[in-house]
Amino acid sequence: MRLAERKAVVTGGAQGIGEAIARRIAGEGGDVAILDVNLDAAARTAQALAGETGRKVVAVKVDVADEDSVASAMEEAGERIGGLDLLVNNAGVLKSHYIADFPKKDWDFVVGVNLTGAFLCIKHAARHMIAAKRGSMVVIASRSGKRGGLWNHAYCASKFGVIGLVQCVALDLAPLGVRVNAICPGNALDTPLWKDLAVQYARKYNETPDQTLDRYRKRVPLGRGCDVGDIAGLAVFLASEESSYMTGQALNLTGGEIMSP
Ligand SMILES: NC(=O)c1ccc[n+]([C@@H]2O[C@H](COP(=O)([O-])OP(=O)(O)OC[C@H]3O[C@@H](n4cnc5c(N)ncnc54)[C@H](O)[C@@H]3O)[C@@H](O)[C@H]2O)c1
């Protein structure tokens, strides 16, 4: 029970990586508010996790790109689970195009959710943690926050940006003992996000989605995609006191694909 009685918000927790992190937090003794734009899916996930773990798990609708929506969702989450001392900022989207054809509306959408959304969720969660003088934040960035990728301009820019945001917020909140860190996962090839992505990427490489997935697997030194359980395990470590001397970090979780000093 490494997160006993912690009160967590997980954005984008209805499915995929966020769902796996929410499951692990509840399994470690925390109560969880799943904030997601897809309320029906979030409610189904919340009900399932509450049943599995016996913890309080609730669903709250939010559009992370909209400040009013974020402000009221954070308030509602805090009221329904009895506080807020852990933010997992996970909601994210991806659109991929050749630079000369990249529609501005897709750029705005990706940066709006991934970067502005992270700013808004951190800002409004920080207010709770500043008042309580405790808490921690874990931001799901990406390997694309460390290295550029073909046709990936908006996503990479948003994920590089979020790492800068994490470093700045870590400095703001360090005097209160509130720690802020990021995880940079490699490609989690079995997530719903990758089902869509494999189709988008197959087009740019002129191959089938299965060939794309196979190529991505082979370029990882450890020979497999990132598992959502790998990410959930690192998120629990960063959320807990086990990482009490770490803040402002962006940890690679890429099977050896990205190695930084
Ligand atoms: N899947 C991967 O390979 C991978 C690798 C590295 C990083 N990531 C990052 O991990 C995070 C989760 O990815 P995933 O693979 O689980 O994606 P996913 O598409 O399976 O899940 C994303 C969730 O975010 C929600 N969401 C989308 N827009 C939202 C908004 N405006 N407001 C609130 N909720 C919103 C969706 O409804 C969904 O439940 C993202 O930030 C992504 O960039 C994913």
# chains A, B, ... in the order shown; residues from 1 in each chain; ligands from 1
>>> closest_atom_pairs(of="chain A", to="ligand 1", cutoff="8 Å", atoms="only C-alpha atoms and all ligand atoms", output="Markdown table")
| residue | atom | partner | partner_atom_place_in_ligand_line | distance |
| --- | --- | --- | --- | --- |
| A:Thr11 | CA | ligand 1 | 34 (N) | 6.0 |
| A:Gly12 | CA | ligand 1 | 24 (O) | 3.4 |
| A:Gly13 | CA | ligand 1 | 39 (O) | 5.5 |
| A:Ala14 | CA | ligand 1 | 39 (O) | 4.3 |
| A:Gln15 | CA | ligand 1 | 39 (O) | 4.7 |
| A:Gly16 | CA | ligand 1 | 16 (O) | 3.6 |
| A:Ile17 | CA | ligand 1 | 16 (O) | 3.7 |
| A:Gly18 | CA | ligand 1 | 16 (O) | 5.5 |
| A:Glu19 | CA | ligand 1 | 16 (O) | 7.4 |
| A:Leu35 | CA | ligand 1 | 33 (C) | 6.4 |
| A:Asp36 | CA | ligand 1 | 34 (N) | 3.8 |
| A:Val37 | CA | ligand 1 | 33 (C) | 4.0 |
| A:Asn38 | CA | ligand 1 | 37 (O) | 4.9 |
| A:Ala41 | CA | ligand 1 | 39 (O) | 7.4 |
| A:Ala42 | CA | ligand 1 | 39 (O) | 7.3 |
| A:Lys61 | CA | ligand 1 | 33 (C) | 7.5 |
| A:Val62 | CA | ligand 1 | 33 (C) | 5.2 |
| A:Asp63 | CA | ligand 1 | 32 (N) | 3.6 |
| A:Val64 | CA | ligand 1 | 32 (N) | 4.1 |
| A:Ala65 | CA | ligand 1 | 31 (N) | 5.4 |
| A:Asp66 | CA | ligand 1 | 31 (N) | 7.9 |
| A:Asn89 | CA | ligand 1 | 41 (O) | 7.6 |
| A:Asn90 | CA | ligand 1 | 41 (O) | 4.6 |
| A:Ala91 | CA | ligand 1 | 24 (O) | 3.9 |
| A:Gly92 | CA | ligand 1 | 41 (O) | 3.5 |
| A:Val93 | CA | ligand 1 | 27 (C) | 5.8 |
| A:Leu94 | CA | ligand 1 | 43 (O) | 6.9 |
| A:Gly112 | CA | ligand 1 | 31 (N) | 7.9 |
| A:Val113 | CA | ligand 1 | 31 (N) | 5.1 |
| A:Asn114 | CA | ligand 1 | 41 (O) | 6.5 |
| A:Gly117 | CA | ligand 1 | 31 (N) | 7.2 |
| A:Ile140 | CA | ligand 1 | 41 (O) | 5.4 |
| A:Ala141 | CA | ligand 1 | 7 (C) | 5.6 |
| A:Ser142 | CA | ligand 1 | 7 (C) | 4.0 |
| A:Arg143 | CA | ligand 1 | 6 (C) | 6.2 |
| A:Ser144 | CA | ligand 1 | 6 (C) | 7.3 |
| A:Tyr155 | CA | ligand 1 | 43 (O) | 7.7 |
| A:Lys159 | CA | ligand 1 | 43 (O) | 7.7 |
| A:Cys184 | CA | ligand 1 | 6 (C) | 6.2 |
| A:Pro185 | CA | ligand 1 | 6 (C) | 4.4 |
| A:Gly186 | CA | ligand 1 | 5 (C) | 5.2 |
| A:Asn187 | CA | ligand 1 | 3 (O) | 3.6 |
| A:Ala188 | CA | ligand 1 | 3 (O) | 3.5 |
| A:Leu189 | CA | ligand 1 | 3 (O) | 5.5 |
| A:Asp190 | CA | ligand 1 | 1 (N) | 7.5 |
| A:Thr191 | CA | ligand 1 | 15 (O) | 5.2 |
| A:Pro192 | CA | ligand 1 | 20 (O) | 4.6 |
| A:Leu193 | CA | ligand 1 | 19 (O) | 4.2 |
| A:Trp194 | CA | ligand 1 | 1 (N) | 5.7 |
| A:Cys226 | CA | ligand 1 | 3 (O) | 7.2 |
>>> select_by_dssp(residues="stretch 131-238 of chain A", states="strand (DSSP E or B)", output="PyMOL selection string")
chain A and resi 136-140+179-185
>>> write_last_selection(atoms="N, CA, C and O atoms", output="short mmCIF file (atom, residue, chain, number, x, y, z; two decimals), in the first residue's frame")
data_model
loop_
_atom_site.label_atom_id
_atom_site.label_comp_id
_atom_site.auth_asym_id
_atom_site.auth_seq_id
_atom_site.Cartn_x
_atom_site.Cartn_y
_atom_site.Cartn_z
N SER A 136 2.16 15.51 -4.88
CA SER A 136 3.11 15.25 -5.96
C SER A 136 2.38 15.19 -7.28
O SER A 136 1.16 14.95 -7.32
N MET A 137 3.13 15.43 -8.33
CA MET A 137 2.55 15.42 -9.68
C MET A 137 3.42 14.55 -10.58
O MET A 137 4.66 14.60 -10.49
N VAL A 138 2.75 13.79 -11.44
CA VAL A 138 3.43 12.97 -12.43
C VAL A 138 2.82 13.32 -13.78
O VAL A 138 1.61 13.23 -13.97
N VAL A 139 3.66 13.73 -14.71
CA VAL A 139 3.20 14.14 -16.03
C VAL A 139 3.64 13.09 -17.04
O VAL A 139 4.82 12.72 -17.08
N ILE A 140 2.70 12.59 -17.84
CA ILE A 140 3.07 11.63 -18.88
C ILE A 140 3.48 12.40 -20.13
O ILE A 140 2.64 12.96 -20.83
N ARG A 179 6.51 17.70 -5.24
CA ARG A 179 7.44 17.29 -6.30
C ARG A 179 6.70 17.06 -7.62
O ARG A 179 5.55 16.62 -7.63
N VAL A 180 7.38 17.40 -8.72
CA VAL A 180 6.77 17.32 -10.05
C VAL A 180 7.76 16.64 -10.99
O VAL A 180 8.88 17.14 -11.18
N ASN A 181 7.37 15.50 -11.54
CA ASN A 181 8.26 14.76 -12.43
C ASN A 181 7.50 14.27 -13.66
O ASN A 181 6.27 14.20 -13.65
N ALA A 182 8.24 13.92 -14.70
CA ALA A 182 7.62 13.43 -15.93
C ALA A 182 8.16 12.05 -16.28
O ALA A 182 9.28 11.69 -15.94
N ILE A 183 7.31 11.30 -16.97
CA ILE A 183 7.71 10.00 -17.52
C ILE A 183 7.69 10.13 -19.04
O ILE A 183 6.73 10.67 -19.61
N CYS A 184 8.73 9.63 -19.69
CA CYS A 184 8.81 9.67 -21.15
C CYS A 184 8.77 8.24 -21.68
O CYS A 184 9.83 7.62 -21.91
N PRO A 185 7.55 7.70 -21.86
CA PRO A 185 7.46 6.31 -22.32
C PRO A 185 7.82 6.20 -23.79
O PRO A 185 7.60 7.12 -24.58
#
>>> residues_around(residues="A:Thr116", least_positions_apart="4", cutoff="10 Å", atoms="only C-alpha atoms", output="CSV table (one decimal) with all heavy atoms, in the first residue's frame")
chain,number,residue,atom,x,y,z
A,64,VAL,N,-9.5,19.1,-20.9
A,64,VAL,CA,-8.4,19.7,-20.3
A,64,VAL,C,-7.9,21.0,-21.0
A,64,VAL,O,-7.1,21.7,-20.5
A,64,VAL,CB,-7.2,18.7,-20.2
A,64,VAL,CG1,-7.5,17.5,-19.3
A,64,VAL,CG2,-6.7,18.2,-21.6
A,65,ALA,N,-8.3,21.2,-22.3
A,65,ALA,CA,-7.9,22.4,-23.0
A,65,ALA,C,-8.7,23.6,-22.6
A,65,ALA,O,-8.5,24.7,-23.1
A,65,ALA,CB,-8.0,22.1,-24.5
A,66,ASP,N,-9.7,23.4,-21.8
A,66,ASP,CA,-10.6,24.5,-21.4
A,66,ASP,C,-10.5,24.9,-19.9
A,66,ASP,O,-10.8,24.0,-19.1
A,66,ASP,CB,-12.1,24.1,-21.8
A,66,ASP,CG,-13.1,25.2,-21.4
A,66,ASP,OD1,-13.4,25.3,-20.2
A,66,ASP,OD2,-13.6,25.8,-22.3
A,67,GLU,N,-10.1,26.1,-19.6
A,67,GLU,CA,-9.8,26.4,-18.2
A,67,GLU,C,-11.0,26.3,-17.3
A,67,GLU,O,-10.9,25.8,-16.2
A,67,GLU,CB,-9.1,27.8,-18.1
A,67,GLU,CG,-8.8,28.1,-16.6
A,67,GLU,CD,-7.6,29.1,-16.5
A,67,GLU,OE1,-7.3,29.9,-17.4
A,67,GLU,OE2,-7.0,29.0,-15.4
A,108,ASP,N,-3.2,23.2,-33.4
A,108,ASP,CA,-3.9,23.8,-32.2
A,108,ASP,C,-4.5,22.7,-31.3
A,108,ASP,O,-4.4,22.8,-30.1
A,108,ASP,CB,-5.0,24.7,-32.7
A,108,ASP,CG,-4.4,26.0,-33.3
A,108,ASP,OD1,-3.2,26.3,-33.1
A,108,ASP,OD2,-5.1,26.7,-34.0
A,109,PHE,N,-5.1,21.7,-31.9
A,109,PHE,CA,-5.7,20.6,-31.2
A,109,PHE,C,-4.7,19.9,-30.3
A,109,PHE,O,-4.9,19.7,-29.1
A,109,PHE,CB,-6.4,19.7,-32.1
A,109,PHE,CG,-7.0,18.4,-31.5
A,109,PHE,CD1,-8.0,18.5,-30.6
A,109,PHE,CD2,-6.5,17.2,-31.9
A,109,PHE,CE1,-8.6,17.4,-30.0
A,109,PHE,CE2,-7.1,16.0,-31.3
A,109,PHE,CZ,-8.1,16.1,-30.4
A,110,VAL,N,-3.6,19.5,-30.9
A,110,VAL,CA,-2.6,18.7,-30.2
A,110,VAL,C,-1.9,19.5,-29.1
A,110,VAL,O,-1.8,19.1,-27.9
A,110,VAL,CB,-1.5,18.1,-31.2
A,110,VAL,CG1,-0.4,17.5,-30.4
A,110,VAL,CG2,-2.2,17.1,-32.1
A,111,VAL,N,-1.5,20.7,-29.5
A,111,VAL,CA,-0.8,21.6,-28.5
A,111,VAL,C,-1.8,22.0,-27.4
A,111,VAL,O,-1.5,22.1,-26.2
A,111,VAL,CB,-0.2,22.8,-29.2
A,111,VAL,CG1,0.3,23.8,-28.1
A,111,VAL,CG2,0.9,22.4,-30.1
A,112,GLY,N,-3.1,22.2,-27.8
A,112,GLY,CA,-4.1,22.6,-26.8
A,112,GLY,C,-4.4,21.5,-25.8
A,112,GLY,O,-4.5,21.9,-24.6
A,120,LEU,N,-3.0,23.8,-17.6
A,120,LEU,CA,-4.2,24.1,-16.8
A,120,LEU,C,-4.4,23.1,-15.7
A,120,LEU,O,-4.8,23.5,-14.6
A,120,LEU,CB,-5.4,24.1,-17.8
A,120,LEU,CG,-5.4,25.2,-18.9
A,120,LEU,CD1,-6.5,25.0,-19.9
A,120,LEU,CD2,-5.5,26.6,-18.2
A,121,CYS,N,-4.2,21.9,-16.0
A,121,CYS,CA,-4.4,20.8,-14.9
A,121,CYS,C,-3.4,21.0,-13.8
A,121,CYS,O,-3.8,21.0,-12.6
A,121,CYS,CB,-4.3,19.4,-15.5
A,121,CYS,SG,-5.7,19.1,-16.6
A,122,ILE,N,-2.1,21.3,-14.1
A,122,ILE,CA,-1.1,21.5,-13.1
A,122,ILE,C,-1.5,22.8,-12.3
A,122,ILE,O,-1.4,22.8,-11.1
A,122,ILE,CB,0.3,21.7,-13.8
A,122,ILE,CG1,0.7,20.3,-14.3
A,122,ILE,CG2,1.3,22.3,-12.8
A,122,ILE,CD1,2.0,20.4,-15.1
A,158,SER,N,4.7,19.6,-28.3
A,158,SER,CA,4.0,19.7,-27.1
A,158,SER,C,4.7,18.9,-26.0
A,158,SER,O,4.7,19.3,-24.8
A,158,SER,CB,2.5,19.1,-27.3
A,158,SER,OG,2.6,17.7,-27.5
A,161,GLY,N,7.7,20.7,-24.8
A,161,GLY,CA,7.2,21.8,-24.0
A,161,GLY,C,6.8,21.4,-22.6
A,161,GLY,O,7.1,22.1,-21.6
A,162,VAL,N,6.2,20.3,-22.5
A,162,VAL,CA,5.7,19.8,-21.2
A,162,VAL,C,6.9,19.5,-20.3
A,162,VAL,O,6.8,19.7,-19.0
A,162,VAL,CB,4.7,18.6,-21.5
A,162,VAL,CG1,5.3,17.3,-21.0
A,162,VAL,CG2,3.4,18.9,-20.9
>>> closest_residue(among="A:Gly164, A:Gly29, A:Gly177, A:Gly78", to="A:Ile130", atoms="only C-alpha atoms")
A:Gly177
>>> decode(residues="stretch 44-74 of chain A", atoms="N, CA and C atoms", output="PDB file, in the first residue's frame")
ATOM      1  N   ARG A  44     -17.516   3.932 -16.778  1.00  0.00           N
ATOM      2  CA  ARG A  44     -17.384   2.463 -16.834  1.00  0.00           C
ATOM      3  C   ARG A  44     -16.077   2.027 -16.168  1.00  0.00           C
ATOM      4  N   THR A  45     -14.996   2.737 -16.471  1.00  0.00           N
ATOM      5  CA  THR A  45     -13.691   2.385 -15.889  1.00  0.00           C
ATOM      6  C   THR A  45     -13.705   2.594 -14.380  1.00  0.00           C
ATOM      7  N   ALA A  46     -14.283   3.721 -13.940  1.00  0.00           N
ATOM      8  CA  ALA A  46     -14.325   4.014 -12.499  1.00  0.00           C
ATOM      9  C   ALA A  46     -15.080   2.918 -11.752  1.00  0.00           C
ATOM     10  N   GLN A  47     -16.208   2.508 -12.320  1.00  0.00           N
ATOM     11  CA  GLN A  47     -17.015   1.475 -11.655  1.00  0.00           C
ATOM     12  C   GLN A  47     -16.233   0.157 -11.575  1.00  0.00           C
ATOM     13  N   ALA A  48     -15.554  -0.184 -12.660  1.00  0.00           N
ATOM     14  CA  ALA A  48     -14.784  -1.438 -12.681  1.00  0.00           C
ATOM     15  C   ALA A  48     -13.650  -1.387 -11.648  1.00  0.00           C
ATOM     16  N   LEU A  49     -12.933  -0.260 -11.588  1.00  0.00           N
ATOM     17  CA  LEU A  49     -11.783  -0.172 -10.675  1.00  0.00           C
ATOM     18  C   LEU A  49     -12.225  -0.155  -9.216  1.00  0.00           C
ATOM     19  N   ALA A  50     -13.354   0.512  -8.945  1.00  0.00           N
ATOM     20  CA  ALA A  50     -13.876   0.524  -7.568  1.00  0.00           C
ATOM     21  C   ALA A  50     -14.214  -0.910  -7.158  1.00  0.00           C
ATOM     22  N   GLY A  51     -14.814  -1.665  -8.060  1.00  0.00           N
ATOM     23  CA  GLY A  51     -15.163  -3.058  -7.772  1.00  0.00           C
ATOM     24  C   GLY A  51     -13.927  -3.918  -7.545  1.00  0.00           C
ATOM     25  N   GLU A  52     -12.890  -3.701  -8.374  1.00  0.00           N
ATOM     26  CA  GLU A  52     -11.664  -4.513  -8.260  1.00  0.00           C
ATOM     27  C   GLU A  52     -10.893  -4.230  -6.978  1.00  0.00           C
ATOM     28  N   THR A  53     -10.871  -2.956  -6.562  1.00  0.00           N
ATOM     29  CA  THR A  53      -9.932  -2.558  -5.501  1.00  0.00           C
ATOM     30  C   THR A  53     -10.604  -2.203  -4.184  1.00  0.00           C
ATOM     31  N   GLY A  54     -11.920  -1.945  -4.202  1.00  0.00           N
ATOM     32  CA  GLY A  54     -12.609  -1.532  -2.974  1.00  0.00           C
ATOM     33  C   GLY A  54     -12.342  -0.082  -2.592  1.00  0.00           C
ATOM     34  N   ARG A  55     -11.617   0.663  -3.446  1.00  0.00           N
ATOM     35  CA  ARG A  55     -11.368   2.074  -3.155  1.00  0.00           C
ATOM     36  C   ARG A  55     -12.443   2.935  -3.792  1.00  0.00           C
ATOM     37  N   LYS A  56     -12.480   4.206  -3.387  1.00  0.00           N
ATOM     38  CA  LYS A  56     -13.396   5.148  -4.038  1.00  0.00           C
ATOM     39  C   LYS A  56     -12.790   5.563  -5.383  1.00  0.00           C
ATOM     40  N   VAL A  57     -13.491   5.302  -6.461  1.00  0.00           N
ATOM     41  CA  VAL A  57     -13.026   5.723  -7.796  1.00  0.00           C
ATOM     42  C   VAL A  57     -14.219   6.377  -8.488  1.00  0.00           C
ATOM     43  N   VAL A  58     -14.076   7.651  -8.866  1.00  0.00           N
ATOM     44  CA  VAL A  58     -15.196   8.389  -9.456  1.00  0.00           C
ATOM     45  C   VAL A  58     -14.788   8.925 -10.827  1.00  0.00           C
ATOM     46  N   ALA A  59     -15.817   9.241 -11.621  1.00  0.00           N
ATOM     47  CA  ALA A  59     -15.570   9.802 -12.961  1.00  0.00           C
ATOM     48  C   ALA A  59     -16.084  11.237 -13.006  1.00  0.00           C
ATOM     49  N   VAL A  60     -15.281  12.127 -13.595  1.00  0.00           N
ATOM     50  CA  VAL A  60     -15.667  13.533 -13.735  1.00  0.00           C
ATOM     51  C   VAL A  60     -15.356  13.946 -15.170  1.00  0.00           C
ATOM     52  N   LYS A  61     -16.308  14.639 -15.801  1.00  0.00           N
ATOM     53  CA  LYS A  61     -16.062  15.081 -17.178  1.00  0.00           C
ATOM     54  C   LYS A  61     -15.172  16.323 -17.195  1.00  0.00           C
ATOM     55  N   VAL A  62     -14.212  16.346 -18.111  1.00  0.00           N
ATOM     56  CA  VAL A  62     -13.370  17.532 -18.278  1.00  0.00           C
ATOM     57  C   VAL A  62     -12.905  17.622 -19.725  1.00  0.00           C
ATOM     58  N   ASP A  63     -12.738  18.847 -20.198  1.00  0.00           N
ATOM     59  CA  ASP A  63     -11.938  19.063 -21.404  1.00  0.00           C
ATOM     60  C   ASP A  63     -10.688  19.786 -20.918  1.00  0.00           C
ATOM     61  N   VAL A  64      -9.549  19.116 -20.913  1.00  0.00           N
ATOM     62  CA  VAL A  64      -8.353  19.706 -20.303  1.00  0.00           C
ATOM     63  C   VAL A  64      -7.885  20.967 -21.021  1.00  0.00           C
ATOM     64  N   ALA A  65      -8.344  21.178 -22.250  1.00  0.00           N
ATOM     65  CA  ALA A  65      -7.927  22.365 -22.997  1.00  0.00           C
ATOM     66  C   ALA A  65      -8.740  23.609 -22.629  1.00  0.00           C
ATOM     67  N   ASP A  66      -9.735  23.450 -21.768  1.00  0.00           N
ATOM     68  CA  ASP A  66     -10.644  24.546 -21.429  1.00  0.00           C
ATOM     69  C   ASP A  66     -10.512  24.883 -19.935  1.00  0.00           C
ATOM     70  N   GLU A  67     -10.117  26.132 -19.631  1.00  0.00           N
ATOM     71  CA  GLU A  67      -9.793  26.445 -18.234  1.00  0.00           C
ATOM     72  C   GLU A  67     -11.001  26.350 -17.300  1.00  0.00           C
ATOM     73  N   ASP A  68     -12.166  26.816 -17.733  1.00  0.00           N
ATOM     74  CA  ASP A  68     -13.337  26.728 -16.847  1.00  0.00           C
ATOM     75  C   ASP A  68     -13.662  25.273 -16.529  1.00  0.00           C
ATOM     76  N   SER A  69     -13.554  24.441 -17.557  1.00  0.00           N
ATOM     77  CA  SER A  69     -13.848  23.019 -17.377  1.00  0.00           C
ATOM     78  C   SER A  69     -12.847  22.391 -16.394  1.00  0.00           C
ATOM     79  N   VAL A  70     -11.571  22.731 -16.534  1.00  0.00           N
ATOM     80  CA  VAL A  70     -10.546  22.168 -15.645  1.00  0.00           C
ATOM     81  C   VAL A  70     -10.771  22.645 -14.209  1.00  0.00           C
ATOM     82  N   ALA A  71     -11.039  23.950 -14.052  1.00  0.00           N
ATOM     83  CA  ALA A  71     -11.218  24.501 -12.697  1.00  0.00           C
ATOM     84  C   ALA A  71     -12.370  23.801 -11.993  1.00  0.00           C
ATOM     85  N   SER A  72     -13.505  23.644 -12.681  1.00  0.00           N
ATOM     86  CA  SER A  72     -14.651  23.042 -11.985  1.00  0.00           C
ATOM     87  C   SER A  72     -14.448  21.542 -11.800  1.00  0.00           C
ATOM     88  N   ALA A  73     -13.779  20.873 -12.742  1.00  0.00           N
ATOM     89  CA  ALA A  73     -13.546  19.423 -12.580  1.00  0.00           C
ATOM     90  C   ALA A  73     -12.612  19.149 -11.402  1.00  0.00           C
ATOM     91  N   MET A  74     -11.590  19.975 -11.228  1.00  0.00           N
ATOM     92  CA  MET A  74     -10.659  19.759 -10.093  1.00  0.00           C
ATOM     93  C   MET A  74     -11.399  19.970  -8.765  1.00  0.00           C
TER      94      MET A  74
END
